[in-house]
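Step one of this worksheet: look at the structure below.
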Amino acid sequence: MRKVAIFTEGQTELLFLRNLMLHLFDPSAVSFECFELFRHNQRIVPYRYSTPNPSFHFQIVDVHGDSGVVSAIRERAEKLFKDGF
């Protein structure tokens with residue numbers, strides 16, 4: 001399974017990307033975890049989608065503003081690499 005982390009500036013972009021991926025990929029081949037950052041803490045948002053044996057797993061993180069995207073990636077990069085993203 002390939003794992004991809006995507007950081008967005010807002011909820012609209014998160015939902016757009018999630019729906020786009022469901023149209024670009026076979027829905028039975030993908031899974032999603034969706035989070036929002038709130039005061040540097042990750043909270044799960046209710047847009048999770050899973051299938052039994054996905055070929056692709058996407059983690060989409062809403063950082064609530066374009067000024068926080070780069071710092072959110074920097075803060076999480078090492079852990080994401082360790083987790084196989």
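We label chains A, B, ... in the order they appear in the structure tokens, count residues from 1 in each chain, and number ligands from 1 in the order shown.
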Exercise for the section: Determine which residues of chain A receive a DSSP assignment of helix (DSSP H, G or I), computed from the backbone, and state them as a VMD selection string. Expected result: chain A and resid 11 to 24 27 to 29 66 to 82
Exercise for the section: Skip segment 22-33 of chain A itself and residues of its chain fewer than 2 positions away, then list as an MDAnalysis selection string all residues within 9 Å of it, counting only C-alpha atoms. Expected result: chainID A and resid 17:20 35 44:61
Handout entry: Two-atom distance - atom CA of Gly68 of chain A, atom CA of Ile6 of chain A (Å)
Key = 13.2 Å
Handout entry: Long-range neighbours of Asp66 of chain A as a list in words, 10 Å cut-off, only C-alpha atoms, 5 positions minimum in chain
Key =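 My reading of the contact set: Phe7, Thr8, Glu9 and Gly10 of chain A.
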Handout entry: Point-to-point distance in Å for atom CA of Lys3 of chain A and atom CA of Ala77 of chain A
Key = 13.2 Å
Practice task
Find the spatial neighbours of Phe85 of chain A, counting only C-alpha atoms, within a cut-off of 6 Å - ignore same-chain residues fewer than 2 positions away - and output them as a PyMOL selection string.
Solution key: chain A and resi 3-4+80-81+83
Practice task
Can you check which residues of segment 21-61 of chain A DSSP gives as strand (DSSP E) on the backbone and send them as a list in words?
Solution key: Val30, Ser31, Phe32, Glu33, Cys34, Phe35, Glu36, Leu37, Phe38, Asn41, Gln42, Arg43, Ile44, Phe56, His57, Phe58, Gln59, Ile60 and Val61 of chain A
Exercise for the section: May I ask for the distance between atom CA of Ala5 of chain A and atom CA of Arg43 of chain A, given in Å to one decimal place? Expected result: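 Value for the atom CA of Ala5 of chain A-atom CA of Arg43 of chain A distance: 15.3 Å.
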Practice task
Find, counting only C-alpha atoms, the residue in A:Met1, A:Met21, A:Glu13, A:Asp62 that gets nearest to Cys34 of chain A.
Solution key: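 Using only C-alpha atoms, Cys34 of chain A sits closest to A:Asp62.
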